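Novice: My file is protein-v1.cif. It has mmCIF, C-alpha atoms:
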data_structure
#
loop_
_atom_site.label_atom_id
_atom_site.label_comp_id
_atom_site.auth_asym_id
_atom_site.auth_seq_id
_atom_site.Cartn_x
_atom_site.Cartn_y
_atom_site.Cartn_z
CA MET A 1 -105.17 42.34 -151.36
CA LYS A 2 -102.35 41.86 -153.82
CA ARG A 3 -99.02 40.51 -152.56
CA GLU A 4 -97.28 43.62 -153.84
CA ASP A 5 -99.57 45.82 -151.73
CA ILE A 6 -98.98 43.65 -148.68
CA GLN A 7 -95.21 43.99 -149.10
CA VAL A 8 -95.44 47.76 -149.50
CA ILE A 9 -97.57 47.99 -146.34
CA CYS A 10 -95.12 45.79 -144.41
CA ASN A 11 -92.27 48.06 -145.44
CA ILE A 12 -94.19 51.11 -144.22
CA PHE A 13 -94.73 49.48 -140.82
CA LYS A 14 -91.10 48.32 -140.62
CA LYS A 15 -89.90 51.89 -141.11
CA GLN A 16 -91.87 52.92 -138.03
CA TYR A 17 -91.56 49.91 -135.71
CA GLU A 18 -88.64 47.77 -134.59
CA GLU A 19 -90.99 44.94 -133.58
CA ASN A 20 -91.55 41.94 -135.83
CA ILE A 21 -94.47 42.26 -138.28
CA GLU A 22 -96.51 39.14 -139.08
CA VAL A 23 -99.00 39.11 -141.95
CA SER A 24 -101.95 36.75 -142.32
CA SER A 25 -104.69 36.80 -144.97
CA TYR A 26 -108.08 35.16 -144.69
CA LYS A 27 -111.10 34.62 -146.91
CA TYR A 28 -113.70 32.47 -145.24
CA ASP A 29 -116.34 30.84 -147.44
CA ASP A 30 -119.21 32.27 -145.41
CA ARG A 31 -117.81 35.81 -145.30
CA LYS A 32 -118.42 38.85 -147.44
CA TYR A 33 -114.99 40.47 -146.96
CA TYR A 34 -111.36 39.49 -147.17
CA GLU A 35 -109.19 40.06 -144.12
CA THR A 36 -105.50 40.82 -144.03
CA ASP A 37 -103.87 41.15 -140.61
CA PHE A 38 -100.67 43.07 -139.97
CA ASP A 39 -99.66 42.08 -136.46
CA ILE A 40 -96.97 44.07 -134.67
CA ILE A 41 -95.56 41.41 -132.36
CA ASP A 42 -94.80 42.30 -128.73
CA ILE A 43 -95.55 45.99 -129.15
CA GLU A 44 -96.24 47.69 -125.85
CA PHE A 45 -98.36 50.79 -125.47
CA LEU A 46 -98.02 52.86 -122.31
CA LYS A 47 -100.57 55.12 -120.65
CA GLU A 48 -98.14 58.03 -120.98
CA ASN A 49 -97.80 57.74 -124.77
CA ILE A 50 -100.95 55.95 -125.96
CA TYR A 51 -102.29 58.95 -127.89
CA ILE A 52 -98.91 59.56 -129.56
CA GLU A 53 -98.87 55.89 -130.64
CA ILE A 54 -102.50 56.00 -131.83
CA ASP A 55 -101.73 59.12 -133.89
CA LYS A 56 -98.70 57.32 -135.34
CA LEU A 57 -100.90 54.36 -136.34
CA ILE A 58 -103.41 56.71 -137.94
CA LYS A 59 -100.70 58.44 -140.00
CA ILE A 60 -99.32 55.08 -141.16
CA HIS A 61 -102.78 53.95 -142.22
CA GLU A 62 -103.36 57.23 -144.04
CA ILE A 63 -100.31 56.45 -146.18
CA VAL A 64 -101.55 52.88 -146.70
CA MET A 65 -105.01 54.04 -147.80
CA GLN A 66 -103.43 56.34 -150.37
CA LEU A 67 -101.21 53.60 -151.78
CA VAL A 68 -103.65 50.70 -151.99
CA ASP A 69 -105.82 50.84 -155.09
CA GLN A 70 -108.97 49.38 -153.58
CA ASN A 71 -111.56 50.35 -151.03
CA ILE A 72 -110.31 49.28 -147.59
CA GLU A 73 -111.49 49.87 -144.06
CA ILE A 74 -109.15 49.28 -141.17
CA ILE A 75 -109.75 47.80 -137.73
CA VAL A 76 -106.88 48.22 -135.27
CA ALA A 77 -107.10 46.09 -132.12
CA ASN A 78 -104.85 44.41 -129.61
CA ASP A 79 -106.07 40.90 -130.39
CA ASP A 80 -107.82 38.82 -133.02
CA THR A 81 -110.28 40.92 -135.06
CA ASP A 82 -112.57 38.07 -136.14
CA THR A 83 -115.37 39.10 -133.75
CA GLU A 84 -115.23 42.69 -134.98
CA ILE A 85 -115.40 41.55 -138.59
CA GLN A 86 -118.48 39.43 -137.92
CA VAL A 87 -120.20 42.48 -136.36
CA PHE A 88 -119.05 44.68 -139.26
CA GLU A 89 -120.54 42.28 -141.83
CA LYS A 90 -123.93 42.53 -140.13
CA ASN A 91 -123.83 46.31 -139.76
CA CYS A 92 -120.91 48.30 -141.18
CA ASN A 93 -121.83 51.27 -138.97
CA ASP A 94 -121.63 49.30 -135.71
CA ILE A 95 -118.05 49.91 -134.68
CA SER A 96 -118.84 50.17 -130.98
CA GLY A 97 -116.50 47.28 -130.12
CA PHE A 98 -113.58 48.45 -132.28
CA GLY A 99 -110.51 50.05 -130.71
CA LEU A 100 -109.57 52.10 -133.76
CA PHE A 101 -111.54 52.11 -136.99
CA ILE A 102 -110.33 53.98 -140.08
CA THR A 103 -112.60 54.53 -143.05
CA SER A 104 -113.27 56.93 -145.88
CA ARG A 105 -116.92 56.94 -144.77
CA LYS A 106 -118.54 59.23 -142.22
CA ILE A 107 -120.47 57.33 -139.54
CA GLN A 108 -123.31 59.68 -138.72
CA GLU A 109 -123.87 58.69 -135.09
CA LEU A 110 -120.22 59.08 -134.07
CA GLU A 111 -117.70 61.87 -133.73
CA PRO A 112 -114.36 60.96 -135.31
CA TYR A 113 -111.20 61.13 -133.21
CA TYR A 114 -109.37 62.39 -136.31
CA THR A 115 -110.56 63.61 -139.71
CA SER A 116 -108.63 64.34 -142.88
CA ASP A 117 -109.60 64.92 -146.50
CA ILE A 118 -109.15 61.19 -147.05
CA TYR A 119 -110.71 59.43 -144.08
CA ASN A 120 -112.10 59.44 -140.56
CA ALA A 121 -110.56 57.64 -137.61
CA TYR A 122 -112.80 56.54 -134.75
CA LEU A 123 -111.17 55.71 -131.42
CA ASN A 124 -112.82 53.81 -128.59
CA PHE A 125 -111.09 52.63 -125.42
CA GLU A 126 -114.31 51.23 -123.94
CA ASN A 127 -113.82 47.68 -125.28
CA VAL A 128 -110.22 47.73 -126.54
CA SER A 129 -107.46 49.14 -124.36
CA PHE A 130 -104.44 48.26 -126.52
CA GLY A 131 -103.05 46.73 -123.35
CA VAL A 132 -103.08 50.02 -121.41
CA MET A 133 -104.70 50.15 -117.99
CA PHE A 134 -106.64 53.37 -117.43
CA GLU A 135 -107.72 54.47 -113.97
#
So that I can check it, write out the structure of this file as structure tokens.
Specialist:
Amino acid sequence: MKREDIQVICNIFKKQYEENIEVSSYKYDDRKYYETDFDIIDIEFLKENIYIEIDKLIKIHEIVMQLVDQNIEIIVANDDTDTEIQVFEKNCNDISGFGLFITSRKIQELEPYYTSDIYNAYLNFENVSFGVMFE
């Protein structure tokens, strides 16, 4: 991802969040894809507003996908995404361990949480809770 794109994305996040945003980019020799992490430091999701916050993240990523001039797929999690990326490289349709996955593709076996003309967002609290405890 180009530095200019990264800066634009950071600015989009900063307009929506007061928390510090840290950016890290990775390209491992044995990997097929590049990874760029946008970490919102010390963000706290609450059970009472988790869906509002998830919808907010989806809308932010919709803007990002429209601005970035390359094919990107987005994994949103509450920790390091390296494990998810390794699974994704083996099977790009296996998103069972992802908290929120945003893509322009339709994954046939799954019902999207949100769909637009641009992308589908798949939400799964089974393996990723975003720090929220559900009863």
Novice: Compare A:Ile9, A:Ile74, A:Ile118, A:Ile41 by their minimum atom-to-atom distance to Gly99 in chain A, counting all atoms listed in the file, and give me the closest one.
Specialist: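 Ranking A:Ile9, A:Ile74, A:Ile118, A:Ile41 by distance to Gly99 in chain A, first place goes to A:Ile74.
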Novice: Kindly give the distance, in Å, that separates CA of Lys15 in chain A and CA of Tyr33 in chain A, rounded to a single decimal.
Specialist: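 Distance reported for this atom pair: 28.2 Å.
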Novice: Using CA of Ile54 in chain A and CA of Ile75 in chain A as the two end points, give the distance in Å to one decimal.
Specialist: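 Interatomic distance here is 12.4 Å.
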Novice: Interatomic distance between CA of Asn20 in chain A and CA of Thr115 in chain A?
Specialist: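 Computed distance, CA of Asn20 in chain A to CA of Thr115 in chain A, equals 29.1 Å.
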Novice: What lies within 12 Å of Asp69 in chain A using only C-alpha atoms, ignoring chain neighbours under 3 positions off, as a ChimeraX atom specification?
Specialist: /A:1-2,4-6,63-66,72
Novice: Please expand the PyMOL selection byres ((chain A and resi 95-97) around 9) into the concrete residues it hits in this file, giving the result as a ChimeraX atom specification.
Specialist: /A:84,87-88,91-94,98-101,122,124-128
Novice: Can you spell out as a ChimeraX atom specification the set of residues that the PyMOL selection byres ((chain A and resi 106-112) around 6) selects in the structure I just provided?
Specialist: /A:105,113-114,120-122
Novice: Nearest residue to Glu35 in chain A out of A:Ile21, A:Arg3, A:Glu73, A:Cys10, using all atoms listed in the file?
Specialist: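 Answer, going by the shortest atom-to-atom distance: A:Glu73.
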